[in-house]
Each structure stands twice: as structure tokens, then as C-alpha cells.
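To keep things clear, I will list the structure first and then write my remarks on it.
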Amino acid sequence: MRRIAGIVLAVLLIGGVVAAVVAGRHTEDQGTATKTVRGVIGSEKAEFFADPDVVKALAAQGYTVKTEASGSWAMEGLDLKGYDFAFPSSQAPADELADKYTAQKPLPRPFYSPLVVVAHRGAAEVLAANGLATLGEKNRGTLKMAAYLDAARRDRTWQQLKGAEQYGELTGTLYIATTDPETSNSGALYLAAASYVANGGKVVTGDADVDRTAPLLRKLVSVQGAQQSSTDAAFRDFISGVGNPLVLVYESQVASLLAQDQSVDDLTVLYPDTTVNSDHTIVPLTEEGRALGELLSTDPQLRKLAVRHGFRPQGATAEFTAATADHTTYLMQKLTVRQAPVPASEVLHDMARRARGQTGDPA
């Protein structure tokens, strides 16, 4: 009888342990359960969402985020059924998507980044010597947009600029390499800033303004030949020492690189004296997508991680200022350049088509 009782007691003990393990697992699953949300994002945010610390911070708030990258303006042509959010790189394509999918406004705008031109030190010094830029800090300066656009109108070459003969790589037509304005946000915003300056400090609003500025915008784009679809690829090429000596990128890409303490050699950051901020704007397609947008805007840890990836959180500058304190020779902590208004989406589309050599309405 004692033997039978011992066997029964052992069975009960084992059963109790198994039950406890199952209960523990159930509790653990409940504690770490997350909602999976899917979104289409601009490629410049891919590293942010792939960051293990971002993944962890989102999971702590109950979210698993799965993303696919696309050009911001190309998102309009995608079928977003089944997605929870779209996250283009500025408000103009976001507004179009919001109208298309009847997303409730206002749209969450967690962070932003101004457009800058990265240059090798030699190229920046030549621009400054010829009145196209000013250099202040060791690795930072200002691009004079009006002077640069005048040089573009006259098809100036590097060889025509004094001092360029010292640098063998400075040959051919002077231009800033940008992304395709028909599919990429940065390329379109470049046209917005250039057209504002070319239009006498007025935003382009209609056919007459588009007709007046189109020849210059066409020059700015046609001289580049084939254009990248993403600033990520263009920035990587620049850092590796290939490609054009002047490249338009997001400040966030430079700030992220500096935060990682990567070698940047002779990198010089030129802030155009008239630029456009890229307001990264979420278009909620479901309630889960809106909740994620609000979380990215308000959660202190996620805001801190956004700064680590070079973005400026909306509503405050203290986080960005603190994080970039060691890199002020490259970065302008307080933006003192003029912000150009962005034309309405249909006008910007028209400008991009004209700049690419197309006429008339899209097919």
C-alpha cells in the first residue's frame, strides 16, 4: 500500500509541475502578446524599424511592426488593402493617401528631417570660393540656393569654377544629385525648394508658375541622367567615395551616421538657405495604425530612439540637441534657414513630370 501511495503521490507531483509550467507559459504568452501591424514605409526609416531596441520598445507597448519599403510618391499606386498604415516621408504624399483611403485627420507626424546637401570638403571649398556657399564650422556650411540655381541656368561646369583644378574628381556640369521626383519624396521636395526660389520667393500654385519654373527644373533633373529611387543608395555611394560630389539627402542620414561614430573623412554638410522639411507622416488605415502613430509621437523611449536614427521629434528640440551635442561641427542644431512651403500635391506632381521631360496629364 505504501508503494502504491508513493506512485500516486509521484504522479500528482509531476502533474502539479506540468500544470505549473503550462500555467507559467500561458501567463508569459499573455504578458508578451503583441498586436502585429503591417505598414509601407519610406526606405529611409527601414533601419529605424529594424533596430532591435525599437523592436523591443514597440513590443513593450504591445506591438510587432512588419514593414515594406517604397518610394513615398510610389505608395499612391500600391494596393494597401490589408495594411494598417502607410508612412511616407512628407505630408504631401500622406495627404493624397489620406484622401484616397479616407483616413481621419489630423495625421500623426512623429518626427521630421530637413533636406541637406552632402559634399566632400574640396567641393564645398570650391563652391564657397565662387560665391555658391558659405563655410562656417569645420564640416558645415550653407548652400546659396539663388546662386546655385543661377549657375544651373547657365550650365556652369566645375572647370569654370576657380580652385576646381586642384581636385581631379571635380569635372563636368555642376549639379546636385537627387532621387527621382516622380517616385521619391526627397527628389520632389528638392523641386519644391528650387521652384520657390525661382518663383521669386512664392510657392508655385498654378499653370503659369509651373510654366515659368519648368525650364530650370528640367535642367536640374536632366543633367543627372539616371536617378536613384532612394536616398539610402545615393548616400551609401557618396560615403563610399563614388558618385557625384554633391548629393541631396536627409539630415537624419548624416546624424544617424555620426551617432554610430562611423568615419566620415572629409564630409561637409551644406544646409540650403532655402530648404524643405520632410515631415514623416503616418496615414492610419486601421485603428491599430493610428494607435501606432500616436505611440511613435508620444512614447519617450521611441522618441529617444528616433533621435538616435537622426530624426528630429515633433514638438521639442531638447532631445535632438542633447543627442547631437558632440556633432555640432556637422549639424545645425537650431535650424536658421528659410523653410519653403510645399506646393499642393497635384502641382508638385505636374512639376515632377515636367522636370522629367513629360507633358500633359498622366496616362
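Scheme for the C-alpha cells: letters A, B, ... for chains in order shown; per-chain residue numbers from 1; ligand numbers from 1 in order shown.
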For Arg338 in chain A, please output as a PyMOL selection string all residues within 7 Å (counting only C-alpha atoms; exclusion window: fewer than 2 positions along the same chain). chain A and resi 273-275+336+340
I want to know what sits within 8 Å of range 150-164 of chain A, based on only C-alpha atoms, with residues of the same chain fewer than 5 positions away left out; could you give that as a ChimeraX atom specification? /A:123,126-127,129-130,170-175,216,219-220
Which neighbours of Gln227 in chain A fall inside 9 Å, counting only C-alpha atoms, when residues of the same chain fewer than 4 positions from it are skipped, and could you give them as a ChimeraX atom specification? /A:177-180,221
Take the residues from that selection and put them in a file with N, CA and C atoms, as a compact mmCIF listing (two decimals), in the first residue's frame.
# COMPACT_ATOMS: atom_id res chain seq x y z
N ALA A 177 23.05 65.79 -57.13
CA ALA A 177 22.38 64.54 -57.43
C ALA A 177 21.20 64.34 -56.48
N THR A 178 20.04 64.02 -57.05
CA THR A 178 18.83 63.82 -56.26
C THR A 178 18.15 62.53 -56.70
N THR A 179 17.13 62.16 -55.96
CA THR A 179 16.33 60.99 -56.35
C THR A 179 15.27 61.40 -57.37
N ASP A 180 14.63 60.42 -57.96
CA ASP A 180 13.59 60.63 -58.97
C ASP A 180 12.40 61.35 -58.34
N VAL A 221 17.12 68.32 -63.36
CA VAL A 221 16.90 66.87 -63.38
C VAL A 221 17.61 66.21 -64.56
Wanna dump the range 241-350 of chain A-range 56-71 of chain A contacts at 9 Å for me, each residue with its shortest atom pair and the distance in Å to one decimal, counting only C-alpha atoms, ordered by chain and number, as a tab-separated table?
residue	atom	partner	partner_atom	distance
A:Leu292	CA	A:Tyr63	CA	8.0
A:Leu295	CA	A:Gln61	CA	8.5
A:Leu296	CA	A:Leu58	CA	8.9
A:Gln301	CA	A:Ala57	CA	6.9
A:Leu302	CA	A:Ala57	CA	6.7
Write the residues of the selection above to a file with C-alpha atoms, as a CSV table (one decimal), in the first residue's frame.
chain,number,residue,atom,x,y,z
A,292,LEU,CA,1.0,53.1,-33.6
A,295,LEU,CA,2.7,55.9,-29.8
A,296,LEU,CA,5.7,56.9,-32.0
A,301,GLN,CA,11.7,55.7,-25.4
A,302,LEU,CA,10.6,55.6,-29.0
Based on DSSP run over this structure's backbone, return all residues of range 275-358 of chain A in helix (DSSP H, G or I), as a CSV table (one decimal) with N, CA and C atoms, in the first residue's frame.
chain,number,residue,atom,x,y,z
A,287,GLU,N,-7.4,51.3,-37.0
A,287,GLU,CA,-7.3,51.9,-35.7
A,287,GLU,C,-5.9,51.5,-35.1
A,288,GLU,N,-5.5,50.3,-35.4
A,288,GLU,CA,-4.1,49.9,-34.9
A,288,GLU,C,-3.0,50.8,-35.5
A,289,GLY,N,-3.2,51.1,-36.7
A,289,GLY,CA,-2.2,52.0,-37.4
A,289,GLY,C,-2.2,53.4,-36.8
A,290,ARG,N,-3.4,53.9,-36.4
A,290,ARG,CA,-3.4,55.3,-35.8
A,290,ARG,C,-2.8,55.2,-34.4
A,291,ALA,N,-3.1,54.1,-33.6
A,291,ALA,CA,-2.5,54.0,-32.3
A,291,ALA,C,-1.0,53.9,-32.4
A,292,LEU,N,-0.5,53.2,-33.4
A,292,LEU,CA,1.0,53.1,-33.6
A,292,LEU,C,1.6,54.5,-33.8
A,293,GLY,N,0.9,55.3,-34.7
A,293,GLY,CA,1.3,56.6,-35.0
A,293,GLY,C,1.4,57.5,-33.8
A,294,GLU,N,0.4,57.4,-32.9
A,294,GLU,CA,0.3,58.2,-31.7
A,294,GLU,C,1.4,57.8,-30.7
A,295,LEU,N,1.7,56.5,-30.7
A,295,LEU,CA,2.7,55.9,-29.8
A,295,LEU,C,4.1,56.4,-30.3
A,296,LEU,N,4.4,56.4,-31.5
A,296,LEU,CA,5.7,56.9,-32.0
A,296,LEU,C,5.9,58.4,-31.7
A,297,SER,N,4.8,59.1,-31.6
A,297,SER,CA,4.8,60.6,-31.4
A,297,SER,C,5.0,60.9,-29.9
A,298,THR,N,4.5,60.0,-29.0
A,298,THR,CA,4.5,60.4,-27.6
A,298,THR,C,5.4,59.5,-26.7
A,300,PRO,N,8.3,58.2,-24.8
A,300,PRO,CA,9.7,58.8,-24.6
A,300,PRO,C,10.8,57.9,-25.1
A,301,GLN,N,10.7,56.6,-24.9
A,301,GLN,CA,11.7,55.7,-25.4
A,301,GLN,C,11.8,55.7,-26.9
A,302,LEU,N,10.6,55.7,-27.6
A,302,LEU,CA,10.6,55.6,-29.0
A,302,LEU,C,11.1,57.0,-29.6
A,303,ARG,N,10.8,58.1,-29.0
A,303,ARG,CA,11.3,59.4,-29.4
A,303,ARG,C,12.8,59.4,-29.3
A,304,LYS,N,13.3,58.9,-28.2
A,304,LYS,CA,14.8,58.8,-28.0
A,304,LYS,C,15.4,58.0,-29.1
A,305,LEU,N,14.8,56.9,-29.4
A,305,LEU,CA,15.4,56.0,-30.5
A,305,LEU,C,15.3,56.7,-31.8
A,306,ALA,N,14.2,57.4,-32.1
A,306,ALA,CA,14.1,58.2,-33.3
A,306,ALA,C,15.3,59.1,-33.5
A,307,VAL,N,15.6,59.8,-32.4
A,307,VAL,CA,16.7,60.7,-32.4
A,307,VAL,C,18.0,60.0,-32.7
A,308,ARG,N,18.2,58.8,-32.1
A,308,ARG,CA,19.4,58.0,-32.4
A,308,ARG,C,19.5,57.7,-33.9
A,318,ALA,N,14.9,69.6,-27.5
A,318,ALA,CA,15.8,69.3,-26.4
A,318,ALA,C,16.4,67.9,-26.7
A,319,GLU,N,15.6,66.9,-27.1
A,319,GLU,CA,16.1,65.6,-27.3
A,319,GLU,C,17.2,65.6,-28.4
A,320,PHE,N,16.9,66.2,-29.5
A,320,PHE,CA,17.8,66.3,-30.6
A,320,PHE,C,19.1,67.0,-30.3
A,321,THR,N,18.9,68.1,-29.6
A,321,THR,CA,20.1,69.0,-29.1
A,321,THR,C,21.0,68.2,-28.2
A,322,ALA,N,20.5,67.4,-27.3
A,322,ALA,CA,21.3,66.7,-26.4
A,322,ALA,C,22.0,65.5,-27.1
A,323,ALA,N,21.3,64.9,-28.0
A,323,ALA,CA,21.9,63.7,-28.7
A,323,ALA,C,23.0,64.1,-29.7
A,325,ALA,N,25.0,66.9,-29.4
A,325,ALA,CA,25.9,67.9,-28.8
A,325,ALA,C,27.4,67.7,-29.3
A,326,ASP,N,27.8,66.5,-29.6
A,326,ASP,CA,29.2,66.2,-30.0
A,326,ASP,C,29.4,66.4,-31.5
A,327,HIS,N,28.3,66.7,-32.2
A,327,HIS,CA,28.5,66.7,-33.7
A,327,HIS,C,28.0,68.1,-34.3
A,345,SER,N,-0.3,68.9,-53.8
A,345,SER,CA,0.2,67.6,-54.4
A,345,SER,C,0.0,67.6,-55.9
A,346,GLU,N,-1.1,68.0,-56.5
A,346,GLU,CA,-1.3,67.9,-57.9
A,346,GLU,C,-0.3,68.9,-58.7
A,347,VAL,N,0.0,70.0,-58.0
A,347,VAL,CA,1.0,70.9,-58.6
A,347,VAL,C,2.4,70.3,-58.6
A,348,LEU,N,2.7,69.7,-57.5
A,348,LEU,CA,4.1,69.1,-57.3
A,348,LEU,C,4.2,67.9,-58.3
A,349,HIS,N,3.1,67.1,-58.5
A,349,HIS,CA,3.2,66.0,-59.5
A,349,HIS,C,3.4,66.6,-60.9
A,350,ASP,N,2.7,67.7,-61.2
A,350,ASP,CA,2.9,68.3,-62.5
A,350,ASP,C,4.4,68.8,-62.7
A,351,MET,N,4.9,69.4,-61.6
A,351,MET,CA,6.3,69.9,-61.7
A,351,MET,C,7.2,68.7,-61.9
A,352,ALA,N,7.0,67.6,-61.2
A,352,ALA,CA,7.9,66.5,-61.4
A,352,ALA,C,7.8,65.9,-62.8
A,353,ARG,N,6.6,65.8,-63.3
A,353,ARG,CA,6.5,65.3,-64.7
A,353,ARG,C,7.2,66.2,-65.7
A,354,ARG,N,7.0,67.5,-65.5
A,354,ARG,CA,7.7,68.4,-66.4
A,354,ARG,C,9.2,68.4,-66.3
A,355,ALA,N,9.6,68.3,-65.1
A,355,ALA,CA,11.1,68.2,-64.8
A,355,ALA,C,11.7,66.9,-65.5
Kindly give the distance, in Å, that separates CA of Val247 in chain A and CA of Ala119 in chain A, rounded to a single decimal.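 Spanning CA of Val247 in chain A to CA of Ala119 in chain A is a straight-line distance of 6.8 Å.
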Name the residues in contact with Pro88 in chain A at a cut-off of 7 Å, using only C-alpha atoms, excluding same-chain residues fewer than 4 positions from it; report them as a compact mmCIF listing (two decimals) with N, CA and C atoms, in the first residue's frame.
# COMPACT_ATOMS: atom_id res chain seq x y z
N ILE A 41 6.56 51.81 -45.66
CA ILE A 41 7.33 52.95 -45.17
C ILE A 41 8.30 53.46 -46.22
N GLY A 42 8.71 54.72 -46.08
CA GLY A 42 9.82 55.23 -46.88
C GLY A 42 11.09 54.51 -46.47
N SER A 72 8.04 57.26 -51.48
CA SER A 72 6.87 57.90 -50.87
C SER A 72 5.77 58.19 -51.88
N PRO A 93 2.52 63.55 -49.96
CA PRO A 93 2.03 62.22 -50.34
C PRO A 93 1.13 61.61 -49.28
N ALA A 94 1.35 61.96 -48.01
CA ALA A 94 0.48 61.44 -46.95
C ALA A 94 -0.94 61.97 -47.12
N HIS A 280 7.77 63.34 -41.66
CA HIS A 280 7.40 61.93 -41.77
C HIS A 280 6.02 61.74 -41.15
N THR A 281 5.06 61.42 -41.99
CA THR A 281 3.64 61.46 -41.62
C THR A 281 3.00 60.09 -41.79
N ILE A 282 2.33 59.63 -40.74
CA ILE A 282 1.66 58.32 -40.80
C ILE A 282 0.22 58.49 -41.30
Run DSSP on the backbone and grab whatever in range 152-327 of chain A lands in strand (DSSP E); send it over as a list in words.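 The residues of range 152-327 of chain A classed as strand (DSSP E) are Leu246, Val247, Leu248, Val249, Tyr250, Leu267, Thr268, Val269, Leu270, Tyr271, Pro272, Thr274, Thr275, Asn277, Ser278, Asp279, His280, Val283, Pro284, Arg312 and Pro313 of chain A.
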Would you save the residues of that selection, restricted to C-alpha atoms, as a PDB file, in the first residue's frame?
ATOM      1  CA  LEU A 246      27.141  66.872 -54.291  1.00  0.00           C
ATOM      2  CA  VAL A 247      24.214  64.715 -53.141  1.00  0.00           C
ATOM      3  CA  LEU A 248      20.856  65.687 -51.660  1.00  0.00           C
ATOM      4  CA  VAL A 249      19.989  63.559 -48.601  1.00  0.00           C
ATOM      5  CA  TYR A 250      18.067  63.814 -45.350  1.00  0.00           C
ATOM      6  CA  LEU A 267      32.244  65.020 -45.242  1.00  0.00           C
ATOM      7  CA  THR A 268      30.804  68.543 -45.277  1.00  0.00           C
ATOM      8  CA  VAL A 269      27.102  69.189 -44.674  1.00  0.00           C
ATOM      9  CA  LEU A 270      25.597  72.107 -46.577  1.00  0.00           C
ATOM     10  CA  TYR A 271      22.207  73.362 -45.414  1.00  0.00           C
ATOM     11  CA  PRO A 272      20.421  75.068 -48.329  1.00  0.00           C
ATOM     12  CA  THR A 274      16.018  77.754 -48.582  1.00  0.00           C
ATOM     13  CA  THR A 275      15.038  74.194 -47.828  1.00  0.00           C
ATOM     14  CA  ASN A 277      11.457  69.882 -44.027  1.00  0.00           C
ATOM     15  CA  SER A 278      10.492  66.292 -44.613  1.00  0.00           C
ATOM     16  CA  ASP A 279       7.621  65.698 -42.181  1.00  0.00           C
ATOM     17  CA  HIS A 280       7.396  61.927 -41.766  1.00  0.00           C
ATOM     18  CA  VAL A 283      -1.518  57.581 -42.712  1.00  0.00           C
ATOM     19  CA  PRO A 284      -3.616  55.306 -40.461  1.00  0.00           C
ATOM     20  CA  ARG A 312      14.009  65.388 -35.044  1.00  0.00           C
ATOM     21  CA  PRO A 313      10.940  64.614 -32.873  1.00  0.00           C
TER      22      PRO A 313
END
Best match for closeness to Phe85 in chain A among A:Pro52, A:Pro181, A:Gly187, A:Pro108, counting only C-alpha atoms: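 Residue with the minimum atom-to-atom distance to Phe85 in chain A: A:Pro108.
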